[in-house]
Structure formats: structure tokens, C-alpha cells
$ cat target_30.cif   # mmCIF, N, CA and C atoms
data_coords
#
loop_
_atom_site.group_PDB
_atom_site.id
_atom_site.type_symbol
_atom_site.label_atom_id
_atom_site.label_comp_id
_atom_site.auth_asym_id
_atom_site.auth_seq_id
_atom_site.Cartn_x
_atom_site.Cartn_y
_atom_site.Cartn_z
ATOM 1 N N MET X 1 -7.387 0.405 -2.055
ATOM 2 C CA MET X 1 -8.619 0.838 -1.424
ATOM 3 C C MET X 1 -9.193 1.998 -2.233
ATOM 4 N N ASN X 2 -10.476 1.936 -2.513
ATOM 5 C CA ASN X 2 -11.157 2.982 -3.272
ATOM 6 C C ASN X 2 -11.661 4.074 -2.330
ATOM 7 N N ILE X 3 -11.349 5.302 -2.686
ATOM 8 C CA ILE X 3 -11.751 6.449 -1.876
ATOM 9 C C ILE X 3 -12.458 7.463 -2.764
ATOM 10 N N SER X 4 -13.628 7.901 -2.315
ATOM 11 C CA SER X 4 -14.354 8.991 -2.968
ATOM 12 C C SER X 4 -14.107 10.271 -2.190
ATOM 13 N N VAL X 5 -13.749 11.320 -2.900
ATOM 14 C CA VAL X 5 -13.616 12.641 -2.294
ATOM 15 C C VAL X 5 -14.853 13.429 -2.697
ATOM 16 N N VAL X 6 -15.517 14.027 -1.721
ATOM 17 C CA VAL X 6 -16.707 14.841 -1.982
ATOM 18 C C VAL X 6 -16.383 16.287 -1.646
ATOM 19 N N ILE X 7 -16.603 17.163 -2.627
ATOM 20 C CA ILE X 7 -16.364 18.592 -2.451
ATOM 21 C C ILE X 7 -17.658 19.344 -2.721
ATOM 22 N N PRO X 8 -18.291 19.906 -1.678
ATOM 23 C CA PRO X 8 -19.430 20.796 -1.909
ATOM 24 C C PRO X 8 -18.894 22.149 -2.386
ATOM 25 N N LEU X 9 -19.536 22.712 -3.382
ATOM 26 C CA LEU X 9 -19.028 23.938 -4.009
ATOM 27 C C LEU X 9 -20.131 24.979 -4.132
ATOM 28 N N TYR X 10 -19.847 26.159 -3.601
ATOM 29 C CA TYR X 10 -20.747 27.295 -3.807
ATOM 30 C C TYR X 10 -19.924 28.578 -3.819
ATOM 31 N N ASN X 11 -19.813 29.175 -4.983
ATOM 32 C CA ASN X 11 -19.131 30.464 -5.156
ATOM 33 C C ASN X 11 -17.734 30.494 -4.541
ATOM 34 N N LYS X 12 -16.916 29.525 -4.901
ATOM 35 C CA LYS X 12 -15.528 29.470 -4.420
ATOM 36 C C LYS X 12 -14.556 29.479 -5.598
ATOM 37 N N GLU X 13 -14.856 30.302 -6.576
ATOM 38 C CA GLU X 13 -14.055 30.392 -7.796
ATOM 39 C C GLU X 13 -12.561 30.604 -7.502
ATOM 40 N N GLN X 14 -12.238 31.372 -6.499
ATOM 41 C CA GLN X 14 -10.843 31.687 -6.192
ATOM 42 C C GLN X 14 -10.100 30.533 -5.524
ATOM 43 N N TYR X 15 -10.827 29.556 -4.999
ATOM 44 C CA TYR X 15 -10.202 28.517 -4.183
ATOM 45 C C TYR X 15 -10.328 27.095 -4.721
ATOM 46 N N ILE X 16 -11.310 26.838 -5.568
ATOM 47 C CA ILE X 16 -11.617 25.455 -5.949
ATOM 48 C C ILE X 16 -10.457 24.779 -6.664
ATOM 49 N N ASN X 17 -9.705 25.527 -7.441
ATOM 50 C CA ASN X 17 -8.551 24.955 -8.127
ATOM 51 C C ASN X 17 -7.563 24.382 -7.121
ATOM 52 N N ARG X 18 -7.284 25.132 -6.066
ATOM 53 C CA ARG X 18 -6.356 24.686 -5.023
ATOM 54 C C ARG X 18 -6.883 23.436 -4.323
ATOM 55 N N ALA X 19 -8.172 23.405 -4.044
ATOM 56 C CA ALA X 19 -8.765 22.244 -3.369
ATOM 57 C C ALA X 19 -8.646 20.993 -4.233
ATOM 58 N N ILE X 20 -9.031 21.106 -5.495
ATOM 59 C CA ILE X 20 -8.970 19.948 -6.388
ATOM 60 C C ILE X 20 -7.521 19.480 -6.561
ATOM 61 N N THR X 21 -6.622 20.419 -6.759
ATOM 62 C CA THR X 21 -5.213 20.071 -6.929
ATOM 63 C C THR X 21 -4.681 19.334 -5.704
ATOM 64 N N SER X 22 -5.082 19.779 -4.519
ATOM 65 C CA SER X 22 -4.602 19.101 -3.307
ATOM 66 C C SER X 22 -5.155 17.673 -3.207
ATOM 67 N N ALA X 23 -6.352 17.439 -3.719
ATOM 68 C CA ALA X 23 -6.906 16.082 -3.739
ATOM 69 C C ALA X 23 -6.177 15.216 -4.765
ATOM 70 N N LEU X 24 -5.850 15.798 -5.902
ATOM 71 C CA LEU X 24 -5.165 15.049 -6.952
ATOM 72 C C LEU X 24 -3.695 14.769 -6.611
ATOM 73 N N ASP X 25 -3.119 15.572 -5.744
ATOM 74 C CA ASP X 25 -1.708 15.439 -5.391
ATOM 75 C C ASP X 25 -1.460 14.540 -4.182
ATOM 76 N N GLN X 26 -2.430 13.749 -3.800
ATOM 77 C CA GLN X 26 -2.292 12.863 -2.645
ATOM 78 C C GLN X 26 -1.350 11.701 -2.946
ATOM 79 N N THR X 27 -0.631 11.250 -1.924
ATOM 80 C CA THR X 27 0.224 10.077 -2.091
ATOM 81 C C THR X 27 -0.627 8.820 -2.296
ATOM 82 N N ILE X 28 -1.785 8.765 -1.680
ATOM 83 C CA ILE X 28 -2.785 7.730 -1.946
ATOM 84 C C ILE X 28 -3.846 8.400 -2.819
ATOM 85 N N GLN X 29 -3.928 8.007 -4.058
ATOM 86 C CA GLN X 29 -4.808 8.686 -5.006
ATOM 87 C C GLN X 29 -6.279 8.374 -4.763
ATOM 88 N N PRO X 30 -7.135 9.400 -4.819
ATOM 89 C CA PRO X 30 -8.569 9.129 -4.729
ATOM 90 C C PRO X 30 -9.040 8.434 -6.003
ATOM 91 N N THR X 31 -10.023 7.578 -5.855
ATOM 92 C CA THR X 31 -10.582 6.877 -7.008
ATOM 93 C C THR X 31 -11.501 7.803 -7.797
ATOM 94 N N GLU X 32 -12.178 8.691 -7.069
ATOM 95 C CA GLU X 32 -13.050 9.669 -7.723
ATOM 96 C C GLU X 32 -13.123 10.918 -6.864
ATOM 97 N N ILE X 33 -13.437 12.027 -7.530
ATOM 98 C CA ILE X 33 -13.682 13.298 -6.851
ATOM 99 C C ILE X 33 -15.051 13.769 -7.314
ATOM 100 N N VAL X 34 -15.985 13.811 -6.389
ATOM 101 C CA VAL X 34 -17.357 14.206 -6.690
ATOM 102 C C VAL X 34 -17.529 15.641 -6.213
ATOM 103 N N ILE X 35 -17.761 16.528 -7.157
ATOM 104 C CA ILE X 35 -17.942 17.943 -6.837
ATOM 105 C C ILE X 35 -19.412 18.276 -7.028
ATOM 106 N N ILE X 36 -20.041 18.737 -5.964
ATOM 107 C CA ILE X 36 -21.453 19.111 -6.024
ATOM 108 C C ILE X 36 -21.535 20.628 -6.052
ATOM 109 N N ASP X 37 -21.828 21.162 -7.244
ATOM 110 C CA ASP X 37 -22.017 22.604 -7.361
ATOM 111 C C ASP X 37 -23.418 22.931 -6.879
ATOM 112 N N ASP X 38 -23.477 23.708 -5.815
ATOM 113 C CA ASP X 38 -24.742 24.026 -5.157
ATOM 114 C C ASP X 38 -25.297 25.363 -5.651
ATOM 115 N N GLY X 39 -25.399 25.492 -6.982
ATOM 116 C CA GLY X 39 -26.003 26.684 -7.576
ATOM 117 C C GLY X 39 -25.092 27.892 -7.594
ATOM 118 N N SER X 40 -23.799 27.693 -7.797
ATOM 119 C CA SER X 40 -22.861 28.821 -7.822
ATOM 120 C C SER X 40 -23.265 29.847 -8.873
ATOM 121 N N THR X 41 -23.041 31.120 -8.544
ATOM 122 C CA THR X 41 -23.344 32.214 -9.469
ATOM 123 C C THR X 41 -22.081 32.896 -9.977
ATOM 124 N N ASP X 42 -20.916 32.407 -9.563
ATOM 125 C CA ASP X 42 -19.652 32.945 -10.056
ATOM 126 C C ASP X 42 -19.079 31.973 -11.093
ATOM 127 N N ASN X 43 -17.793 31.981 -11.314
ATOM 128 C CA ASN X 43 -17.173 31.121 -12.322
ATOM 129 C C ASN X 43 -16.599 29.829 -11.739
ATOM 130 N N SER X 44 -17.131 29.382 -10.613
ATOM 131 C CA SER X 44 -16.637 28.160 -9.976
ATOM 132 C C SER X 44 -16.701 26.963 -10.908
ATOM 133 N N VAL X 45 -17.805 26.800 -11.599
ATOM 134 C CA VAL X 45 -17.972 25.644 -12.488
ATOM 135 C C VAL X 45 -16.923 25.669 -13.593
ATOM 136 N N ASN X 46 -16.657 26.843 -14.155
ATOM 137 C CA ASN X 46 -15.638 26.946 -15.202
ATOM 138 C C ASN X 46 -14.267 26.539 -14.685
ATOM 139 N N GLU X 47 -13.971 26.863 -13.440
ATOM 140 C CA GLU X 47 -12.695 26.451 -12.848
ATOM 141 C C GLU X 47 -12.608 24.934 -12.742
ATOM 142 N N VAL X 48 -13.695 24.300 -12.362
ATOM 143 C CA VAL X 48 -13.719 22.830 -12.277
ATOM 144 C C VAL X 48 -13.521 22.223 -13.661
ATOM 145 N N LEU X 49 -14.168 22.790 -14.656
ATOM 146 C CA LEU X 49 -14.107 22.242 -16.019
ATOM 147 C C LEU X 49 -12.725 22.357 -16.643
ATOM 148 N N ARG X 50 -11.845 23.148 -16.064
ATOM 149 C CA ARG X 50 -10.468 23.263 -16.566
ATOM 150 C C ARG X 50 -9.673 21.978 -16.357
ATOM 151 N N PHE X 51 -10.098 21.178 -15.391
ATOM 152 C CA PHE X 51 -9.392 19.930 -15.098
ATOM 153 C C PHE X 51 -9.802 18.866 -16.101
ATOM 154 N N ASN X 52 -8.820 18.182 -16.627
ATOM 155 C CA ASN X 52 -9.070 17.098 -17.572
ATOM 156 C C ASN X 52 -8.682 15.789 -16.888
ATOM 157 N N ASP X 53 -9.544 15.326 -16.020
ATOM 158 C CA ASP X 53 -9.269 14.113 -15.252
ATOM 159 C C ASP X 53 -10.577 13.337 -15.134
ATOM 160 N N SER X 54 -10.576 12.115 -15.607
ATOM 161 C CA SER X 54 -11.815 11.320 -15.636
ATOM 162 C C SER X 54 -12.331 10.983 -14.241
ATOM 163 N N ARG X 55 -11.526 11.168 -13.218
ATOM 164 C CA ARG X 55 -11.972 10.894 -11.850
ATOM 165 C C ARG X 55 -12.863 12.004 -11.296
ATOM 166 N N ILE X 56 -12.859 13.158 -11.947
ATOM 167 C CA ILE X 56 -13.642 14.300 -11.462
ATOM 168 C C ILE X 56 -15.041 14.250 -12.066
ATOM 169 N N HIS X 57 -16.041 14.234 -11.168
ATOM 170 C CA HIS X 57 -17.441 14.216 -11.580
ATOM 171 C C HIS X 57 -18.111 15.467 -11.026
ATOM 172 N N LEU X 58 -18.585 16.330 -11.916
ATOM 173 C CA LEU X 58 -19.268 17.553 -11.518
ATOM 174 C C LEU X 58 -20.769 17.341 -11.600
ATOM 175 N N ILE X 59 -21.435 17.605 -10.495
ATOM 176 C CA ILE X 59 -22.890 17.491 -10.436
ATOM 177 C C ILE X 59 -23.423 18.850 -10.009
ATOM 178 N N GLN X 60 -24.398 19.359 -10.727
ATOM 179 C CA GLN X 60 -24.966 20.662 -10.408
ATOM 180 C C GLN X 60 -26.381 20.496 -9.865
ATOM 181 N N GLN X 61 -26.683 21.318 -8.873
ATOM 182 C CA GLN X 61 -28.019 21.323 -8.290
ATOM 183 C C GLN X 61 -28.379 22.757 -7.923
ATOM 184 N N GLN X 62 -29.660 22.978 -7.692
ATOM 185 C CA GLN X 62 -30.103 24.283 -7.217
ATOM 186 C C GLN X 62 -29.559 24.493 -5.813
ATOM 187 N N ASN X 63 -29.334 25.743 -5.465
ATOM 188 C CA ASN X 63 -28.791 26.052 -4.149
ATOM 189 C C ASN X 63 -29.702 25.515 -3.057
ATOM 190 N N SER X 64 -29.122 24.614 -2.246
ATOM 191 C CA SER X 64 -29.865 23.991 -1.156
ATOM 192 C C SER X 64 -29.086 24.002 0.146
ATOM 193 N N GLY X 65 -27.886 24.556 0.114
ATOM 194 C CA GLY X 65 -27.062 24.627 1.319
ATOM 195 C C GLY X 65 -25.992 23.548 1.340
ATOM 196 N N VAL X 66 -24.967 23.805 2.151
ATOM 197 C CA VAL X 66 -23.798 22.918 2.182
ATOM 198 C C VAL X 66 -24.140 21.511 2.672
ATOM 199 N N SER X 67 -25.054 21.395 3.617
ATOM 200 C CA SER X 67 -25.428 20.060 4.113
ATOM 201 C C SER X 67 -26.090 19.237 3.023
ATOM 202 N N ALA X 68 -26.964 19.856 2.265
ATOM 203 C CA ALA X 68 -27.620 19.158 1.158
ATOM 204 C C ALA X 68 -26.601 18.767 0.091
ATOM 205 N N ALA X 69 -25.632 19.625 -0.149
ATOM 206 C CA ALA X 69 -24.588 19.311 -1.132
ATOM 207 C C ALA X 69 -23.739 18.133 -0.660
ATOM 208 N N ARG X 70 -23.372 18.126 0.612
ATOM 209 C CA ARG X 70 -22.599 16.996 1.146
ATOM 210 C C ARG X 70 -23.410 15.694 1.067
ATOM 211 N N ASN X 71 -24.670 15.773 1.452
ATOM 212 C CA ASN X 71 -25.524 14.578 1.390
ATOM 213 C C ASN X 71 -25.651 14.068 -0.042
ATOM 214 N N ARG X 72 -25.804 14.973 -0.983
ATOM 215 C CA ARG X 72 -25.881 14.570 -2.401
ATOM 216 C C ARG X 72 -24.575 13.917 -2.821
ATOM 217 N N GLY X 73 -23.466 14.457 -2.345
ATOM 218 C CA GLY X 73 -22.171 13.871 -2.662
ATOM 219 C C GLY X 73 -22.047 12.444 -2.168
ATOM 220 N N VAL X 74 -22.545 12.179 -0.968
ATOM 221 C CA VAL X 74 -22.507 10.819 -0.425
ATOM 222 C C VAL X 74 -23.361 9.887 -1.273
ATOM 223 N N VAL X 75 -24.517 10.358 -1.686
ATOM 224 C CA VAL X 75 -25.406 9.544 -2.528
ATOM 225 C C VAL X 75 -24.726 9.241 -3.870
ATOM 226 N N GLU X 76 -24.055 10.214 -4.438
ATOM 227 C CA GLU X 76 -23.428 10.053 -5.748
ATOM 228 C C GLU X 76 -22.111 9.284 -5.685
ATOM 229 N N ALA X 77 -21.456 9.267 -4.532
ATOM 230 C CA ALA X 77 -20.169 8.584 -4.388
ATOM 231 C C ALA X 77 -20.337 7.092 -4.645
ATOM 232 N N ARG X 78 -19.388 6.516 -5.325
ATOM 233 C CA ARG X 78 -19.470 5.104 -5.688
ATOM 234 C C ARG X 78 -18.740 4.184 -4.717
ATOM 235 N N TYR X 79 -18.024 4.753 -3.758
ATOM 236 C CA TYR X 79 -17.205 3.918 -2.887
ATOM 237 C C TYR X 79 -17.558 4.142 -1.425
ATOM 238 N N GLU X 80 -17.288 3.131 -0.626
ATOM 239 C CA GLU X 80 -17.682 3.135 0.787
ATOM 240 C C GLU X 80 -16.946 4.193 1.606
ATOM 241 N N LEU X 81 -15.669 4.378 1.324
ATOM 242 C CA LEU X 81 -14.882 5.354 2.070
ATOM 243 C C LEU X 81 -15.003 6.715 1.397
ATOM 244 N N VAL X 82 -15.578 7.685 2.118
ATOM 245 C CA VAL X 82 -15.806 9.031 1.593
ATOM 246 C C VAL X 82 -15.041 10.019 2.460
ATOM 247 N N ALA X 83 -14.279 10.883 1.801
ATOM 248 C CA ALA X 83 -13.552 11.946 2.488
ATOM 249 C C ALA X 83 -14.093 13.287 2.005
ATOM 250 N N PHE X 84 -14.416 14.164 2.935
ATOM 251 C CA PHE X 84 -14.962 15.474 2.590
ATOM 252 C C PHE X 84 -13.854 16.518 2.544
ATOM 253 N N LEU X 85 -13.909 17.339 1.522
ATOM 254 C CA LEU X 85 -12.973 18.457 1.366
ATOM 255 C C LEU X 85 -13.778 19.691 1.011
ATOM 256 N N ASP X 86 -13.665 20.738 1.826
ATOM 257 C CA ASP X 86 -14.355 21.985 1.506
ATOM 258 C C ASP X 86 -13.685 22.655 0.314
ATOM 259 N N ALA X 87 -14.457 23.356 -0.481
ATOM 260 C CA ALA X 87 -13.969 23.967 -1.712
ATOM 261 C C ALA X 87 -12.936 25.057 -1.462
ATOM 262 N N ASP X 88 -12.894 25.605 -0.261
ATOM 263 C CA ASP X 88 -11.917 26.651 0.049
ATOM 264 C C ASP X 88 -10.818 26.147 0.987
ATOM 265 N N ASP X 89 -10.611 24.839 0.979
ATOM 266 C CA ASP X 89 -9.610 24.221 1.849
ATOM 267 C C ASP X 89 -8.635 23.437 0.978
ATOM 268 N N GLU X 90 -7.588 22.922 1.593
ATOM 269 C CA GLU X 90 -6.653 22.067 0.882
ATOM 270 C C GLU X 90 -6.070 21.052 1.843
ATOM 271 N N TRP X 91 -5.654 19.934 1.283
ATOM 272 C CA TRP X 91 -5.062 18.861 2.078
ATOM 273 C C TRP X 91 -3.561 18.840 1.890
ATOM 274 N N LYS X 92 -2.848 18.433 2.934
ATOM 275 C CA LYS X 92 -1.439 18.114 2.786
ATOM 276 C C LYS X 92 -1.361 16.788 2.039
ATOM 277 N N PRO X 93 -0.241 16.505 1.350
ATOM 278 C CA PRO X 93 -0.168 15.340 0.455
ATOM 279 C C PRO X 93 -0.445 13.981 1.099
ATOM 280 N N ASP X 94 -0.251 13.838 2.397
ATOM 281 C CA ASP X 94 -0.456 12.538 3.043
ATOM 282 C C ASP X 94 -1.802 12.406 3.755
ATOM 283 N N PHE X 95 -2.709 13.320 3.534
ATOM 284 C CA PHE X 95 -3.993 13.285 4.237
ATOM 285 C C PHE X 95 -4.730 11.961 4.011
ATOM 286 N N LEU X 96 -4.920 11.571 2.762
ATOM 287 C CA LEU X 96 -5.661 10.329 2.485
ATOM 288 C C LEU X 96 -4.904 9.094 2.964
ATOM 289 N N LEU X 97 -3.594 9.148 2.986
ATOM 290 C CA LEU X 97 -2.803 8.053 3.544
ATOM 291 C C LEU X 97 -3.144 7.866 5.018
ATOM 292 N N HIS X 98 -3.228 8.958 5.757
ATOM 293 C CA HIS X 98 -3.591 8.889 7.178
ATOM 294 C C HIS X 98 -5.028 8.403 7.358
ATOM 295 N N ILE X 99 -5.924 8.859 6.533
ATOM 296 C CA ILE X 99 -7.320 8.425 6.606
ATOM 297 C C ILE X 99 -7.408 6.921 6.327
ATOM 298 N N GLN X 100 -6.676 6.456 5.332
ATOM 299 C CA GLN X 100 -6.688 5.034 5.005
ATOM 300 C C GLN X 100 -6.169 4.201 6.188
ATOM 301 N N ARG X 101 -5.125 4.659 6.825
ATOM 302 C CA ARG X 101 -4.583 3.936 7.981
ATOM 303 C C ARG X 101 -5.588 3.904 9.138
ATOM 304 N N LEU X 102 -6.284 4.995 9.369
ATOM 305 C CA LEU X 102 -7.288 5.044 10.430
ATOM 306 C C LEU X 102 -8.467 4.138 10.114
ATOM 307 N N TYR X 103 -8.810 4.030 8.858
ATOM 308 C CA TYR X 103 -9.941 3.226 8.442
ATOM 309 C C TYR X 103 -9.698 1.739 8.663
ATOM 310 N N ARG X 104 -8.481 1.341 8.469
ATOM 311 C CA ARG X 104 -8.137 -0.077 8.623
ATOM 312 C C ARG X 104 -8.149 -0.406 10.069
#

$ encode --input "target_30.cif" --output "C-alpha cells"
Amino acid sequence: MNISVVIPLYNKEQYINRAITSALDQTIQPTEIVIIDDGSTDNSVNEVLRFNDSRIHLIQQQNSGVSAARNRGVVEARYELVAFLDADDEWKPDFLLHIQRLYR
């Protein structure tokens, strides 16, 4: 099953690494991780660029708010099942496994 993870990002330089790592460390791997940078003014984008994983897609836009960033993420996501992860949050390793079971 293909799963898109959408992460809205705005000035979360201290946390984004943890969020992305928690998405990548899932027992059920996401097919893509779409990160919408909503006009960050800190080094958040540089933290994202440290990851060398073809599943990570960084999209930058002018600051429009978290709802606009989430909506953009849904538009950019290539798969029907979309899971949202806040940039300052993290998932336990079986989160997507549970989501997949609920979806079925």
C-alpha cells in the first residue's frame, strides 16, 4: 500500500530532523514524504536537505499558514492514503502500520 506523509514546516529547525527520522523509521515504510516549507526564516530547510532519500520531496511556498501548507501537501501527494505529521512531532515505529490496518 502506498502512503504519502505530509509534513507542514515553519521554523521548526530544532525538531524537523526528529519528525522526518520517525517517518523513515516506520515498520511500514512511507512511499513518499512531502514537506511543505511555509516560508521558514530559520534553518529548517537546511535540516531537510541533510537527508539523502529520494522519497523526500521539499516544496517551498510563501508563508500562508499551516492549513494552507497541509492543503498544498494533499495536492502534491501522489497517493490516496495521506498521513499528516507535524514538524515538531514524532511517530512511534508502528504508527503507519496501525493507520494501514484502520484503512483496510

$ residues_around --input "target_30.cif" --residues "segment 11-15 of chain X" --least-positions-apart "3" --cutoff "9 Å" --atoms "only C-alpha atoms" --output "ChimeraX atom specification"
/X:18-20,37-48,87-90

$ atom_distance --input "target_30.cif" --atom1 "atom CA of Arg104 of chain X" --atom2 "atom N of Ala83 of chain X"
14.3 Å

$ select_by_dssp --input "target_30.cif" --residues "chain X" --states "alpha helix (DSSP H)" --output "number ranges by chain"
X: 16-24, 44-49, 66-76, 95-103

$ select_by_dssp --input "target_30.cif" --residues "segment 9-60 of chain X" --states "strand (DSSP E or B)" --output "list in words"
Leu9, Glu32, Ile33, Val34, Ile35, Ile36, Asp37, Asp38, Ile56, His57, Leu58, Ile59 and Gln60 of chain X

$ atom_distance --input "target_30.cif" --atom1 "atom CA of Asn71 of chain X" --atom2 "atom CA of Ile35 of chain X"
11.7 Å

$ closest_residue --input "target_30.cif" --among "X:Asn63, X:Ile36, X:Tyr79, X:Tyr103" --to "Leu9 of chain X" --atoms "all atoms listed in the file"
X:Ile36

$ resolve_selection --input "target_30.cif" --expression "the PyMOL selection byres ((chain X and resi 21-23) around 8)" --output "VMD selection string"
chain X and resid 5 15 to 20 24 to 30 33 89 to 93

$ resolve_selection --input "target_30.cif" --expression "the PyMOL selection byres (((chain X and resi 6 and name CA) around 10) and name CA)" --output "list in words"
Ile3, Ser4, Val5, Ile7, Pro8, Leu9, Glu32, Ile33, Val34, Ile35, Ile36, Ile56, His57, Ala69, Arg70, Asn71, Arg72, Gly73, Val74, Glu76, Ala77, Val82, Ala83, Phe84, Leu85, Asp86 and Ala87 of chain X

$ atom_distance --input "target_30.cif" --atom1 "atom C of Gln60 of chain X" --atom2 "atom C of Arg78 of chain X"
18.7 Å

$ build_atoms --input "target_30.cif" --residues "segment 53-71 of chain X" --atoms "N, CA, C and O atoms" --output "compact mmCIF listing (two decimals), in the frame of the given file"
# COMPACT_ATOMS: atom_id res chain seq x y z
N ASP X 53 -9.54 15.33 -16.02
CA ASP X 53 -9.27 14.11 -15.25
C ASP X 53 -10.58 13.34 -15.13
O ASP X 53 -11.56 13.86 -14.60
N SER X 54 -10.58 12.12 -15.61
CA SER X 54 -11.82 11.32 -15.64
C SER X 54 -12.33 10.98 -14.24
O SER X 54 -13.48 10.56 -14.10
N ARG X 55 -11.53 11.17 -13.22
CA ARG X 55 -11.97 10.89 -11.85
C ARG X 55 -12.86 12.00 -11.30
O ARG X 55 -13.53 11.82 -10.29
N ILE X 56 -12.86 13.16 -11.95
CA ILE X 56 -13.64 14.30 -11.46
C ILE X 56 -15.04 14.25 -12.07
O ILE X 56 -15.21 14.22 -13.28
N HIS X 57 -16.04 14.23 -11.17
CA HIS X 57 -17.44 14.22 -11.58
C HIS X 57 -18.11 15.47 -11.03
O HIS X 57 -18.19 15.63 -9.81
N LEU X 58 -18.58 16.33 -11.92
CA LEU X 58 -19.27 17.55 -11.52
C LEU X 58 -20.77 17.34 -11.60
O LEU X 58 -21.29 16.94 -12.64
N ILE X 59 -21.44 17.60 -10.50
CA ILE X 59 -22.89 17.49 -10.44
C ILE X 59 -23.42 18.85 -10.01
O ILE X 59 -22.94 19.43 -9.03
N GLN X 60 -24.40 19.36 -10.73
CA GLN X 60 -24.97 20.66 -10.41
C GLN X 60 -26.38 20.50 -9.86
O GLN X 60 -27.13 19.63 -10.32
N GLN X 61 -26.68 21.32 -8.87
CA GLN X 61 -28.02 21.32 -8.29
C GLN X 61 -28.38 22.76 -7.92
O GLN X 61 -27.51 23.62 -7.85
N GLN X 62 -29.66 22.98 -7.69
CA GLN X 62 -30.10 24.28 -7.22
C GLN X 62 -29.56 24.49 -5.81
O GLN X 62 -29.38 23.54 -5.05
N ASN X 63 -29.33 25.74 -5.46
CA ASN X 63 -28.79 26.05 -4.15
C ASN X 63 -29.70 25.52 -3.06
O ASN X 63 -30.87 25.84 -2.97
N SER X 64 -29.12 24.61 -2.25
CA SER X 64 -29.86 23.99 -1.16
C SER X 64 -29.09 24.00 0.15
O SER X 64 -29.54 23.45 1.14
N GLY X 65 -27.89 24.56 0.11
CA GLY X 65 -27.06 24.63 1.32
C GLY X 65 -25.99 23.55 1.34
O GLY X 65 -26.08 22.53 0.66
N VAL X 66 -24.97 23.80 2.15
CA VAL X 66 -23.80 22.92 2.18
C VAL X 66 -24.14 21.51 2.67
O VAL X 66 -23.59 20.53 2.18
N SER X 67 -25.05 21.40 3.62
CA SER X 67 -25.43 20.06 4.11
C SER X 67 -26.09 19.24 3.02
O SER X 67 -25.78 18.05 2.86
N ALA X 68 -26.96 19.86 2.26
CA ALA X 68 -27.62 19.16 1.16
C ALA X 68 -26.60 18.77 0.09
O ALA X 68 -26.68 17.67 -0.49
N ALA X 69 -25.63 19.62 -0.15
CA ALA X 69 -24.59 19.31 -1.13
C ALA X 69 -23.74 18.13 -0.66
O ALA X 69 -23.41 17.23 -1.44
N ARG X 70 -23.37 18.13 0.61
CA ARG X 70 -22.60 17.00 1.15
C ARG X 70 -23.41 15.69 1.07
O ARG X 70 -22.88 14.66 0.68
N ASN X 71 -24.67 15.77 1.45
CA ASN X 71 -25.52 14.58 1.39
C ASN X 71 -25.65 14.07 -0.04
O ASN X 71 -25.61 12.86 -0.28
